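Heads up: the structure comes next, in structure tokens.
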Amino acid sequence: MASNVTRDVITLKGSAAIVSEFLNYSVNSILYQRGIYPADDFTMVKKYGMSLLVCQQEQVKGFIDTNTKQIATWLETGNIQRVVMVIASIATKEVLERWNFIIESDQEVLEKGVAREKSDKDIRTEIQGIIRQIVSSVTFLPNIEDACTFDLLAYTSVESEVPANWGESDAQLIHNPQNVKLRTVDTAVHKVEAMVSYKFTEEF
Amino acid sequence: MANVVHTPTKSDGRSDRYPLKEQLSPEPLGRKTPRSKTPKRQKSDRFITDRSAMDFNIANYMLGGVKENSMNNGAVHSPSKEEYKKQLAENLLRVDNNQRQSRILAFKSKPPPPPEGFENDRKFLYSQNVAPGQAKPRALFRHIPQTAERTLDAPDLLDDYYLNLLDWSANNVLAVALANTVYLWDATSSSIAELLTADEDGPVTSVQWAPDGRYLAVGLNNADVQLWDSQELRQLRSLKGHSARVGSLAWNGPVLTTGSRDTLIINHDVRIRDHVIGTMEAHEQEVCGLKWSPSGQQLASGGNDNLLHIWDAAAASTQGPSPYLHRLDDHKAAVKALAWCPFQSNLLASGGGTADRCIKFWNTHTGACLNSIDTESQVCALQWSKHERELLSSHGFSQNQLCLWKYPSMVKMAELTGHTSRVLHLAQSPDGYTIASAAGDETLRFWKVFGNPETSKASSKAKGKEVGSVLNSLTRIR
């Protein structure tokens, strides 16, 4: 386990744990910041040196946890290329926002099982940066007027097997999107680039 | 070959252009009725090259289009070629493909939707100036379409400044006089009916709907005024009294006021046998503008003598020469364009002819001129918006445009061009959103200048009811 080795050494398993945990908190932050679920459903937790809000609604929590667990196993095999959180209107089924997390895995670590070095603190600062950007993104993203739901899409390699309870989906792209690139987290094993694309509407 | 050249008779000339037929191109036919001739295609048994008989547009299309079609067909009908291309690309770009190709997976059970009745409160947090509950602030600047919504051909429409040949009824029927004939165009169904043709007595010099939208008053060149039932398409009665053509008409309940070239204004009560209930003598030349105020208390009359008179309803109904309330001589040309403000009582807008070019605003209670602006063009007609504080004016030389003004700042909001001759008449649809304009270029155009009917449907419904109740007395005409 990652906890057994010195903090500055990152193994494949440890990196997968860090990235999946980071995705879990990011999804929770987005849900709160974009107001997809009522604010009462969220509780505050201390993480990465900041206060983060995590959804306590059981079904939502269960959904996110199952997803991130599966993503963690994919991360360990290097089969995942991208995780996308899709926010779509319930009434019109129109996709309003796509939060992209593009994942690049270090091939050498995957094949030979070597460990990399990167301090825990540096990773934490990078994660902080992205989550802060998610929080601040509400200032430029258009207001979500309709009741919305979300979904998580995992872009996996073709060779990987489809687990039970998972099915293939379309990309759920946005027409005429605006893209905003966010920061990057690099655990030295996995590199996660964040990007948000949203439906561009001309007002007035 | 003797009979090929066909001299168009009068009736043939008309069959070339159907009255009120919709024009597909926004531009008018470009020629006036008497000159309109369509080139006739010659039919003979031998081929003689003749440029006028050839359709170069079709020829060009045939030459160019066939080639394009065949290329398209080729591509569509060879799936094997497509497949080959695909395989070639895969083989050449194998490495790249393997990296890029991915499968998109999603967990089968979906997260629950937010609870019922939950409203995203972020929009209140991040849009402080918007009052909660109000979805969108009212747009201060709305879009004003710059082109006419539709264009109808109006052959033989008289290009005479002193006539009033267009009116839109409360039942959404547009009446327009084209030379000797009055046509009814139903704006709901776009159907056309011919109401009357006054061959000996014509041409028709004015039309005006009674407020109930069923009866139409028609002024004729022979000084006659006729009352027509638009539903049964028959004449109800004829009102005599003038000695020259009747160019302006105005209704006030059951009272029809007529203005004529004989300088007189006569009030007719259309319900009684001796219909003349008042004669107003004050103008020195032809009366070309007549409008009753919305309250029915005051009448504004404009004449070719550059005068504008305001009359009191109570005084006008008594027999004999009645004194006017105000005599306003500020205009320097004929006063034809008159419009009473729908939202402010005692406010009248008037527009002057070529030598004057001004729109003036009057307090008709005191007779004071409130404002005057030079429009730099002859003012032919004026219409107030029922929904916004706006005024639409139509003009002649040189732009032949319609101008939309903000009241009271008189900032020009829009200028709508399209007519190729002076825009003589304006009429407003009963819902107040569409304006019909008739111009000397023999077209009728419809403009959506006064906004969008989505916003205040309820209020217009209420208004419709009101009009109906006021006019119950009129249905008992005879």
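Quick note on naming: the chains in the structure tokens go A, B, ... in the order shown, residues restart at 1 in each chain, and ligands are numbered from 1 in order of appearance.
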
What are the closest atom pairs, with distances in Å to one decimal, for each residue of chain A lying within 6 Å of chain B, using only C-alpha atoms, rows by chain and rising residue number, as JSON lines?
```
{"residue": "A:Gly35", "atom": "CA", "partner": "B:Asn120", "partner_atom": "CA", "distance": 5.5}
{"residue": "A:Tyr37", "atom": "CA", "partner": "B:Pro114", "partner_atom": "CA", "distance": 5.3}
{"residue": "A:Val60", "atom": "CA", "partner": "B:Pro111", "partner_atom": "CA", "distance": 5.4}
{"residue": "A:Phe63", "atom": "CA", "partner": "B:Pro111", "partner_atom": "CA", "distance": 6.0}
{"residue": "A:Asn143", "atom": "CA", "partner": "B:Lys123", "partner_atom": "CA", "distance": 5.6}
{"residue": "A:Thr149", "atom": "CA", "partner": "B:Pro113", "partner_atom": "CA", "distance": 5.5}
{"residue": "A:Leu153", "atom": "CA", "partner": "B:Ala106", "partner_atom": "CA", "distance": 4.8}
{"residue": "A:Ala154", "atom": "CA", "partner": "B:Leu105", "partner_atom": "CA", "distance": 5.0}
{"residue": "A:Tyr155", "atom": "CA", "partner": "B:Ile104", "partner_atom": "CA", "distance": 4.4}
{"residue": "A:Thr156", "atom": "CA", "partner": "B:Arg103", "partner_atom": "CA", "distance": 5.2}
{"residue": "A:Ser157", "atom": "CA", "partner": "B:Ser102", "partner_atom": "CA", "distance": 4.6}
{"residue": "A:Val158", "atom": "CA", "partner": "B:Ser102", "partner_atom": "CA", "distance": 5.4}
{"residue": "A:Asn165", "atom": "CA", "partner": "B:Lys108", "partner_atom": "CA", "distance": 5.4}
{"residue": "A:Trp166", "atom": "CA", "partner": "B:Phe107", "partner_atom": "CA", "distance": 4.5}
{"residue": "A:Gly167", "atom": "CA", "partner": "B:Leu105", "partner_atom": "CA", "distance": 5.5}
{"residue": "A:Glu168", "atom": "CA", "partner": "B:Leu105", "partner_atom": "CA", "distance": 4.5}
{"residue": "A:Ser169", "atom": "CA", "partner": "B:Leu105", "partner_atom": "CA", "distance": 5.5}
```

Residues of the last selection are to be written out with N, CA and C atoms, as a short mmCIF file (atom, residue, chain, number, x, y, z; two decimals), in the first residue's frame.
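Result went into out-v3.cif, see below:
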```
data_model
loop_
_atom_site.label_atom_id
_atom_site.label_comp_id
_atom_site.auth_asym_id
_atom_site.auth_seq_id
_atom_site.Cartn_x
_atom_site.Cartn_y
_atom_site.Cartn_z
N GLY A 35 -25.06 23.79 -8.15
CA GLY A 35 -26.41 23.76 -7.59
C GLY A 35 -27.29 22.68 -8.19
N TYR A 37 -27.87 19.69 -6.79
CA TYR A 37 -28.69 19.19 -5.68
C TYR A 37 -28.78 20.29 -4.62
N VAL A 60 -26.86 9.42 -4.41
CA VAL A 60 -25.84 10.18 -5.14
C VAL A 60 -24.46 9.75 -4.68
N PHE A 63 -23.62 6.39 -5.98
CA PHE A 63 -23.30 6.43 -7.41
C PHE A 63 -21.87 6.91 -7.63
N ASN A 143 -25.76 30.61 -15.80
CA ASN A 143 -26.63 30.08 -14.75
C ASN A 143 -27.40 28.88 -15.28
N THR A 149 -29.63 16.86 -14.10
CA THR A 149 -29.07 15.65 -13.53
C THR A 149 -27.65 15.51 -14.07
N LEU A 153 -19.04 9.59 -17.45
CA LEU A 153 -18.65 8.75 -18.58
C LEU A 153 -17.18 8.42 -18.43
N ALA A 154 -16.84 7.18 -18.69
CA ALA A 154 -15.43 6.78 -18.64
C ALA A 154 -15.00 6.37 -20.04
N TYR A 155 -13.97 7.02 -20.54
CA TYR A 155 -13.41 6.65 -21.83
C TYR A 155 -12.33 5.61 -21.56
N THR A 156 -12.59 4.37 -21.95
CA THR A 156 -11.62 3.32 -21.68
C THR A 156 -11.06 2.82 -22.99
N SER A 157 -9.97 2.09 -22.91
CA SER A 157 -9.39 1.54 -24.13
C SER A 157 -10.26 0.38 -24.62
N VAL A 158 -10.14 0.09 -25.89
CA VAL A 158 -11.04 -0.89 -26.50
C VAL A 158 -10.78 -2.29 -25.96
N ASN A 165 -22.82 -4.28 -14.96
CA ASN A 165 -23.54 -3.04 -14.62
C ASN A 165 -23.02 -1.81 -15.36
N TRP A 166 -22.09 -2.00 -16.25
CA TRP A 166 -21.64 -0.86 -17.06
C TRP A 166 -22.07 -1.08 -18.50
N GLY A 167 -22.37 -0.01 -19.18
CA GLY A 167 -22.79 -0.14 -20.58
C GLY A 167 -22.15 0.95 -21.42
N GLU A 168 -22.17 0.73 -22.70
CA GLU A 168 -21.58 1.74 -23.58
C GLU A 168 -22.53 2.92 -23.72
N SER A 169 -21.96 4.07 -23.87
CA SER A 169 -22.76 5.28 -23.96
C SER A 169 -22.24 6.12 -25.12
#
```

As a check of understanding: the span from CA of Val335 in chain B to CA of Thr147 in chain B is 28.0 Å

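Using only C-alpha atoms, the residues found no farther than 12 Å from Pro323 in chain B, other than those of its own chain fewer than 6 positions away, are Gly278, Thr279, Met280, Glu281, Ala282, His283, His309, Ile310, Trp311, Asp312, Ala313, Ala314, Ala315, Ala316 and Ser317 of chain B.
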
Write to file, as a PDB file, in the first residue's frame, the residues of the selection just made, with N, CA, C and O atoms.
```
ATOM      1  N   GLY B 278     -74.804  67.716 -38.086  1.00  0.00           N
ATOM      2  CA  GLY B 278     -73.940  68.850 -37.800  1.00  0.00           C
ATOM      3  C   GLY B 278     -73.023  69.133 -38.970  1.00  0.00           C
ATOM      4  O   GLY B 278     -72.563  68.208 -39.650  1.00  0.00           O
ATOM      5  N   THR B 279     -72.791  70.393 -39.249  1.00  0.00           N
ATOM      6  CA  THR B 279     -71.870  70.778 -40.312  1.00  0.00           C
ATOM      7  C   THR B 279     -70.845  71.725 -39.710  1.00  0.00           C
ATOM      8  O   THR B 279     -71.204  72.651 -38.977  1.00  0.00           O
ATOM      9  N   MET B 280     -69.599  71.441 -40.007  1.00  0.00           N
ATOM     10  CA  MET B 280     -68.540  72.281 -39.453  1.00  0.00           C
ATOM     11  C   MET B 280     -67.822  72.974 -40.589  1.00  0.00           C
ATOM     12  O   MET B 280     -67.296  72.330 -41.494  1.00  0.00           O
ATOM     13  N   GLU B 281     -67.825  74.271 -40.508  1.00  0.00           N
ATOM     14  CA  GLU B 281     -67.249  75.070 -41.569  1.00  0.00           C
ATOM     15  C   GLU B 281     -66.101  75.885 -40.998  1.00  0.00           C
ATOM     16  O   GLU B 281     -66.324  76.794 -40.205  1.00  0.00           O
ATOM     17  N   ALA B 282     -64.911  75.560 -41.339  1.00  0.00           N
ATOM     18  CA  ALA B 282     -63.790  76.347 -40.834  1.00  0.00           C
ATOM     19  C   ALA B 282     -62.608  76.270 -41.790  1.00  0.00           C
ATOM     20  O   ALA B 282     -61.812  77.196 -41.870  1.00  0.00           O
ATOM     21  N   HIS B 283     -62.509  75.185 -42.505  1.00  0.00           N
ATOM     22  CA  HIS B 283     -61.386  75.041 -43.435  1.00  0.00           C
ATOM     23  C   HIS B 283     -61.655  75.846 -44.702  1.00  0.00           C
ATOM     24  O   HIS B 283     -62.812  76.063 -45.089  1.00  0.00           O
ATOM     25  N   HIS B 309     -57.697  71.926 -36.929  1.00  0.00           N
ATOM     26  CA  HIS B 309     -58.749  72.361 -36.018  1.00  0.00           C
ATOM     27  C   HIS B 309     -59.059  71.271 -35.008  1.00  0.00           C
ATOM     28  O   HIS B 309     -59.047  70.086 -35.339  1.00  0.00           O
ATOM     29  N   ILE B 310     -59.331  71.694 -33.801  1.00  0.00           N
ATOM     30  CA  ILE B 310     -59.801  70.772 -32.770  1.00  0.00           C
ATOM     31  C   ILE B 310     -61.244  71.156 -32.464  1.00  0.00           C
ATOM     32  O   ILE B 310     -61.551  72.339 -32.213  1.00  0.00           O
ATOM     33  N   TRP B 311     -62.125  70.164 -32.527  1.00  0.00           N
ATOM     34  CA  TRP B 311     -63.557  70.409 -32.315  1.00  0.00           C
ATOM     35  C   TRP B 311     -64.009  69.669 -31.082  1.00  0.00           C
ATOM     36  O   TRP B 311     -63.502  68.594 -30.771  1.00  0.00           O
ATOM     37  N   ASP B 312     -65.004  70.243 -30.449  1.00  0.00           N
ATOM     38  CA  ASP B 312     -65.576  69.589 -29.286  1.00  0.00           C
ATOM     39  C   ASP B 312     -66.793  68.781 -29.719  1.00  0.00           C
ATOM     40  O   ASP B 312     -67.621  69.256 -30.504  1.00  0.00           O
ATOM     41  N   ALA B 313     -66.918  67.555 -29.208  1.00  0.00           N
ATOM     42  CA  ALA B 313     -67.985  66.666 -29.655  1.00  0.00           C
ATOM     43  C   ALA B 313     -69.359  67.239 -29.321  1.00  0.00           C
ATOM     44  O   ALA B 313     -70.289  67.156 -30.124  1.00  0.00           O
ATOM     45  N   ALA B 314     -69.487  67.807 -28.147  1.00  0.00           N
ATOM     46  CA  ALA B 314     -70.786  68.310 -27.717  1.00  0.00           C
ATOM     47  C   ALA B 314     -71.254  69.449 -28.624  1.00  0.00           C
ATOM     48  O   ALA B 314     -72.413  69.503 -29.032  1.00  0.00           O
ATOM     49  N   ALA B 315     -70.331  70.337 -28.982  1.00  0.00           N
ATOM     50  CA  ALA B 315     -70.703  71.472 -29.815  1.00  0.00           C
ATOM     51  C   ALA B 315     -70.988  71.027 -31.243  1.00  0.00           C
ATOM     52  O   ALA B 315     -71.860  71.574 -31.915  1.00  0.00           O
ATOM     53  N   ALA B 316     -70.244  69.984 -31.689  1.00  0.00           N
ATOM     54  CA  ALA B 316     -70.374  69.574 -33.075  1.00  0.00           C
ATOM     55  C   ALA B 316     -71.704  68.893 -33.363  1.00  0.00           C
ATOM     56  O   ALA B 316     -72.168  68.886 -34.500  1.00  0.00           O
ATOM     57  N   SER B 317     -72.311  68.311 -32.342  1.00  0.00           N
ATOM     58  CA  SER B 317     -73.537  67.560 -32.608  1.00  0.00           C
ATOM     59  C   SER B 317     -74.743  68.484 -32.764  1.00  0.00           C
ATOM     60  O   SER B 317     -75.794  68.060 -33.228  1.00  0.00           O
TER      61      SER B 317
END
```

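In this model, the gap between CA of Lys191 in chain A and CA of Gln172 in chain A comes to 23.7 Å.
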
For Ala177 in chain B: contacts at 10 Å, only C-alpha atoms, fewer than 3 positions along chain excluded, given as a compact mmCIF listing (two decimals) with all heavy atoms, in the first residue's frame:
```
# COMPACT_ATOMS: atom_id res chain seq x y z
N ALA B 154 -50.73 45.95 -55.03
CA ALA B 154 -51.92 46.79 -54.99
C ALA B 154 -52.00 47.60 -56.27
O ALA B 154 -51.70 48.80 -56.28
CB ALA B 154 -51.89 47.70 -53.77
N ASP B 156 -53.18 49.86 -59.28
CA ASP B 156 -54.10 51.00 -59.44
C ASP B 156 -54.30 51.80 -58.16
O ASP B 156 -55.21 52.62 -58.10
CB ASP B 156 -55.47 50.54 -59.97
CG ASP B 156 -55.37 49.87 -61.32
OD1 ASP B 156 -54.52 50.32 -62.10
OD2 ASP B 156 -56.10 48.90 -61.55
N LEU B 157 -53.53 51.55 -57.13
CA LEU B 157 -53.67 52.37 -55.93
C LEU B 157 -53.34 53.81 -56.28
O LEU B 157 -52.28 54.09 -56.84
CB LEU B 157 -52.72 51.87 -54.84
CG LEU B 157 -52.83 52.59 -53.49
CD1 LEU B 157 -53.94 51.95 -52.66
CD2 LEU B 157 -51.54 52.52 -52.72
N LEU B 158 -54.27 54.71 -55.99
CA LEU B 158 -54.08 56.11 -56.41
C LEU B 158 -52.96 56.75 -55.61
O LEU B 158 -52.91 56.64 -54.39
CB LEU B 158 -55.38 56.89 -56.19
CG LEU B 158 -56.57 56.48 -57.06
CD1 LEU B 158 -57.77 57.33 -56.73
CD2 LEU B 158 -56.22 56.60 -58.53
N ASN B 164 -57.61 58.76 -48.20
CA ASN B 164 -57.37 57.82 -47.11
C ASN B 164 -57.91 56.47 -47.55
O ASN B 164 -59.10 56.18 -47.41
CB ASN B 164 -58.07 58.28 -45.83
CG ASN B 164 -57.40 59.52 -45.26
OD1 ASN B 164 -56.35 59.44 -44.65
ND2 ASN B 164 -58.01 60.67 -45.51
N LEU B 165 -57.06 55.65 -48.12
CA LEU B 165 -57.52 54.47 -48.85
C LEU B 165 -57.26 53.15 -48.13
O LEU B 165 -57.44 52.09 -48.71
CB LEU B 165 -56.83 54.43 -50.22
CG LEU B 165 -57.07 55.66 -51.09
CD1 LEU B 165 -56.29 55.57 -52.38
CD2 LEU B 165 -58.55 55.84 -51.37
N LEU B 166 -56.83 53.20 -46.89
CA LEU B 166 -56.47 51.96 -46.22
C LEU B 166 -57.00 52.00 -44.79
O LEU B 166 -56.84 52.99 -44.09
CB LEU B 166 -54.94 51.82 -46.19
CG LEU B 166 -54.34 50.55 -45.62
CD1 LEU B 166 -54.57 49.39 -46.55
CD2 LEU B 166 -52.85 50.74 -45.38
N ASP B 167 -57.65 50.90 -44.36
CA ASP B 167 -58.05 50.81 -42.96
C ASP B 167 -58.14 49.36 -42.54
O ASP B 167 -58.45 48.49 -43.35
CB ASP B 167 -59.39 51.51 -42.73
CG ASP B 167 -59.63 51.78 -41.25
OD1 ASP B 167 -58.63 51.90 -40.50
OD2 ASP B 167 -60.79 51.87 -40.83
N ASN B 180 -61.40 52.22 -58.58
CA ASN B 180 -62.85 52.23 -58.36
C ASN B 180 -63.32 51.12 -57.43
O ASN B 180 -64.50 51.04 -57.13
CB ASN B 180 -63.57 52.07 -59.70
CG ASN B 180 -63.30 53.26 -60.60
OD1 ASN B 180 -63.06 54.35 -60.11
ND2 ASN B 180 -63.32 53.03 -61.90
N THR B 181 -62.43 50.25 -57.02
CA THR B 181 -62.86 49.03 -56.33
C THR B 181 -62.35 49.03 -54.89
O THR B 181 -61.22 49.45 -54.63
CB THR B 181 -62.34 47.80 -57.07
OG1 THR B 181 -62.63 47.96 -58.45
CG2 THR B 181 -62.97 46.53 -56.56
N VAL B 182 -63.19 48.53 -53.98
CA VAL B 182 -62.76 48.33 -52.60
C VAL B 182 -62.59 46.83 -52.39
O VAL B 182 -63.51 46.06 -52.64
CB VAL B 182 -63.78 48.90 -51.60
CG1 VAL B 182 -63.37 48.56 -50.17
CG2 VAL B 182 -63.90 50.40 -51.77
N TYR B 183 -61.41 46.43 -51.95
CA TYR B 183 -61.12 45.04 -51.66
C TYR B 183 -61.01 44.86 -50.16
O TYR B 183 -60.55 45.75 -49.44
CB TYR B 183 -59.80 44.61 -52.31
CG TYR B 183 -59.86 44.53 -53.81
CD1 TYR B 183 -59.42 45.59 -54.59
CD2 TYR B 183 -60.33 43.39 -54.44
CE1 TYR B 183 -59.48 45.54 -55.97
CE2 TYR B 183 -60.39 43.32 -55.82
CZ TYR B 183 -59.96 44.38 -56.58
OH TYR B 183 -60.01 44.31 -57.94
N LEU B 184 -61.44 43.68 -49.71
CA LEU B 184 -61.28 43.31 -48.30
C LEU B 184 -60.29 42.16 -48.25
O LEU B 184 -60.48 41.13 -48.89
CB LEU B 184 -62.62 42.87 -47.70
CG LEU B 184 -63.75 43.87 -47.80
CD1 LEU B 184 -65.00 43.29 -47.17
CD2 LEU B 184 -63.38 45.18 -47.11
N GLU B 194 -64.04 41.13 -52.94
CA GLU B 194 -64.25 42.40 -53.61
C GLU B 194 -65.56 42.95 -53.07
O GLU B 194 -66.61 42.32 -53.21
CB GLU B 194 -64.33 42.16 -55.12
CG GLU B 194 -64.18 43.43 -55.91
CD GLU B 194 -64.24 43.17 -57.41
OE1 GLU B 194 -63.60 42.21 -57.88
OE2 GLU B 194 -64.94 43.92 -58.09
N LEU B 195 -65.49 44.09 -52.40
CA LEU B 195 -66.69 44.61 -51.76
C LEU B 195 -67.55 45.39 -52.75
O LEU B 195 -68.74 45.16 -52.85
CB LEU B 195 -66.31 45.49 -50.55
CG LEU B 195 -67.47 46.04 -49.75
CD1 LEU B 195 -68.23 44.92 -49.07
CD2 LEU B 195 -66.98 47.02 -48.70
N LEU B 196 -66.94 46.32 -53.46
CA LEU B 196 -67.74 47.12 -54.37
C LEU B 196 -66.87 47.68 -55.48
O LEU B 196 -65.65 47.82 -55.32
CB LEU B 196 -68.42 48.28 -53.63
CG LEU B 196 -67.51 49.39 -53.10
CD1 LEU B 196 -67.82 50.70 -53.80
CD2 LEU B 196 -67.68 49.55 -51.63
N THR B 197 -67.49 47.96 -56.59
CA THR B 197 -66.82 48.66 -57.66
C THR B 197 -67.70 49.84 -58.05
O THR B 197 -68.87 49.66 -58.39
CB THR B 197 -66.59 47.74 -58.87
OG1 THR B 197 -65.86 46.60 -58.43
CG2 THR B 197 -65.81 48.45 -59.95
N PRO B 203 -63.25 57.49 -58.77
CA PRO B 203 -62.69 56.46 -57.90
C PRO B 203 -63.06 56.64 -56.41
O PRO B 203 -63.53 57.69 -56.03
CB PRO B 203 -61.18 56.64 -58.09
CG PRO B 203 -61.01 58.05 -58.49
CD PRO B 203 -62.23 58.41 -59.27
N VAL B 204 -62.80 55.57 -55.66
CA VAL B 204 -63.03 55.63 -54.22
C VAL B 204 -61.97 56.53 -53.60
O VAL B 204 -60.79 56.41 -53.92
CB VAL B 204 -62.97 54.21 -53.62
CG1 VAL B 204 -63.14 54.25 -52.12
CG2 VAL B 204 -64.02 53.32 -54.26
N THR B 205 -62.40 57.45 -52.75
CA THR B 205 -61.45 58.42 -52.20
C THR B 205 -61.16 58.20 -50.72
O THR B 205 -60.22 58.78 -50.19
CB THR B 205 -61.98 59.84 -52.40
OG1 THR B 205 -63.31 59.89 -51.90
CG2 THR B 205 -61.96 60.22 -53.86
N SER B 206 -61.96 57.38 -50.04
CA SER B 206 -61.66 57.09 -48.64
C SER B 206 -62.43 55.86 -48.18
O SER B 206 -63.52 55.59 -48.66
CB SER B 206 -62.00 58.29 -47.73
OG SER B 206 -63.32 58.67 -47.92
N VAL B 207 -61.83 55.12 -47.25
CA VAL B 207 -62.51 54.00 -46.60
C VAL B 207 -62.26 54.10 -45.10
O VAL B 207 -61.20 54.54 -44.67
CB VAL B 207 -62.02 52.62 -47.11
CG1 VAL B 207 -62.45 52.39 -48.53
CG2 VAL B 207 -60.54 52.47 -46.95
N VAL B 218 -67.53 54.31 -47.09
CA VAL B 218 -66.74 54.50 -48.30
C VAL B 218 -67.05 55.89 -48.85
O VAL B 218 -68.21 56.22 -49.13
CB VAL B 218 -67.08 53.42 -49.35
CG1 VAL B 218 -66.28 53.64 -50.62
CG2 VAL B 218 -66.83 52.04 -48.79
```

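Reported to one decimal place, the separation of CA of Glu97 in chain A from CA of Leu75 in chain A is 24.3 Å.
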
Counting only C-alpha atoms, the residue among A:Lys13, A:Lys93, A:Lys112, A:Arg98 that lies closest to Ala194 in chain A is A:Arg98

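Distance annotation: of A:Gln56, A:Asn100, A:Asn176, A:Gln81, the residue with the minimal separation from Ser26 in chain A is A:Asn100; atom set is only C-alpha atoms.
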
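Nearest-residue note for Met413 in chain B: choosing from B:Ile144, B:Ala250, B:Leu178, B:Ile266, the minimum distance belongs to B:Ile144, counting only C-alpha atoms.
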
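Backbone DSSP of range 234-276 of chain B yields strand (DSSP E or B) at B:Arg234, B:Gln235, B:Leu236, B:Arg237, B:Ser238, B:Leu239, B:Val246, B:Gly247, B:Ser248, B:Leu249, B:Ala250, B:Trp251, B:Asn252, B:Val255, B:Leu256, B:Thr257, B:Thr258, B:Gly259, B:Ser260, B:Leu264, B:Ile265, B:Ile266, B:Asn267, B:His268, B:Asp269, B:Val276.
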
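Among the candidates A:Leu182, A:Val135, A:Phe140, A:Arg116, the one nearest to Gly14 in chain A when counting only C-alpha atoms is A:Arg116.
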
Just the residues within 7 Å of Tyr48 in chain A, please, counting only C-alpha atoms, with nothing from its chain fewer than 2 positions along; format it as a PDB file with N, CA and C atoms, in the first residue's frame.
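For reference, around30.pdb as written:
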```pdb
ATOM      1  N   MET A  50      -8.373  22.396   2.519  1.00  0.00           N
ATOM      2  CA  MET A  50      -9.485  23.329   2.332  1.00  0.00           C
ATOM      3  C   MET A  50     -10.771  22.659   2.800  1.00  0.00           C
ATOM      4  N   ARG A 124      -0.751  17.834  -3.652  1.00  0.00           N
ATOM      5  CA  ARG A 124      -1.860  18.457  -2.945  1.00  0.00           C
ATOM      6  C   ARG A 124      -2.087  19.891  -3.458  1.00  0.00           C
ATOM      7  N   GLN A 128      -5.460  21.257  -5.107  1.00  0.00           N
ATOM      8  CA  GLN A 128      -6.069  22.496  -4.590  1.00  0.00           C
ATOM      9  C   GLN A 128      -6.372  23.476  -5.713  1.00  0.00           C
TER      10      GLN A 128
END
```

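Closest to Phe22 in chain A among A:Asp40, A:Asp146, A:Asp65, A:Asp106 is A:Asp65, based on only C-alpha atoms.
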
Skip Trp340 in chain B itself and residues of its chain fewer than 5 positions away, then list as a ChimeraX atom specification all residues within 8 Å of it, counting only C-alpha atoms.
/B:291-294,346-349,384

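Closest approach to Val86 in chain A from the set A:Glu104, A:Gln178, A:Phe150, A:Asn28 is made by A:Phe150, with distances taken over only C-alpha atoms.
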
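Residue neighbourhood of Val276 in chain B, excluding near-sequence residues (fewer than 2 positions): Leu239, Lys240, Gly241, Val255, Leu256, Thr257, Ile266, Asn267, His268, Asp269, Val270, Ile272, Arg273, Asp274, Gly278, Thr279, Ser317 and Gln319 of chain B, at 10 Å, using only C-alpha atoms.
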
Keeping only N, CA and C atoms, write the selected residues to a file as a compact mmCIF listing (two decimals), in the first residue's frame.
```
# COMPACT_ATOMS: atom_id res chain seq x y z
N LEU B 239 -75.11 58.29 -47.94
CA LEU B 239 -75.23 59.52 -47.17
C LEU B 239 -74.82 60.69 -48.06
N LYS B 240 -75.75 61.56 -48.35
CA LYS B 240 -75.43 62.70 -49.21
C LYS B 240 -75.27 63.95 -48.35
N GLY B 241 -74.66 64.95 -48.90
CA GLY B 241 -74.47 66.17 -48.14
C GLY B 241 -73.32 67.00 -48.67
N VAL B 255 -71.81 57.87 -35.03
CA VAL B 255 -71.68 59.10 -35.81
C VAL B 255 -70.52 58.96 -36.78
N LEU B 256 -70.81 59.20 -38.04
CA LEU B 256 -69.75 59.19 -39.05
C LEU B 256 -69.46 60.64 -39.44
N THR B 257 -68.21 61.02 -39.33
CA THR B 257 -67.80 62.37 -39.69
C THR B 257 -67.07 62.30 -41.02
N ILE B 266 -68.94 67.15 -42.13
CA ILE B 266 -70.33 66.87 -41.77
C ILE B 266 -70.38 65.68 -40.84
N ASN B 267 -71.20 65.81 -39.79
CA ASN B 267 -71.48 64.69 -38.91
C ASN B 267 -72.77 64.02 -39.35
N HIS B 268 -72.69 62.70 -39.56
CA HIS B 268 -73.88 61.94 -39.93
C HIS B 268 -74.17 60.98 -38.80
N ASP B 269 -75.42 60.97 -38.33
CA ASP B 269 -75.83 59.87 -37.45
C ASP B 269 -76.42 58.81 -38.35
N VAL B 270 -75.72 57.69 -38.49
CA VAL B 270 -76.11 56.71 -39.51
C VAL B 270 -77.37 55.95 -39.12
N ILE B 272 -80.31 57.36 -38.19
CA ILE B 272 -81.57 58.07 -38.44
C ILE B 272 -81.69 58.51 -39.89
N ARG B 273 -82.94 58.77 -40.29
CA ARG B 273 -83.22 59.10 -41.69
C ARG B 273 -82.56 60.43 -42.08
N ASP B 274 -82.78 61.47 -41.28
CA ASP B 274 -82.11 62.74 -41.58
C ASP B 274 -80.74 62.71 -40.90
N GLY B 278 -74.80 67.72 -38.09
CA GLY B 278 -73.94 68.85 -37.80
C GLY B 278 -73.02 69.13 -38.97
N THR B 279 -72.79 70.39 -39.25
CA THR B 279 -71.87 70.78 -40.31
C THR B 279 -70.84 71.72 -39.71
N SER B 317 -72.31 68.31 -32.34
CA SER B 317 -73.54 67.56 -32.61
C SER B 317 -74.74 68.48 -32.76
N GLN B 319 -76.96 71.49 -34.44
CA GLN B 319 -77.11 71.97 -35.82
C GLN B 319 -76.43 73.33 -36.01
```
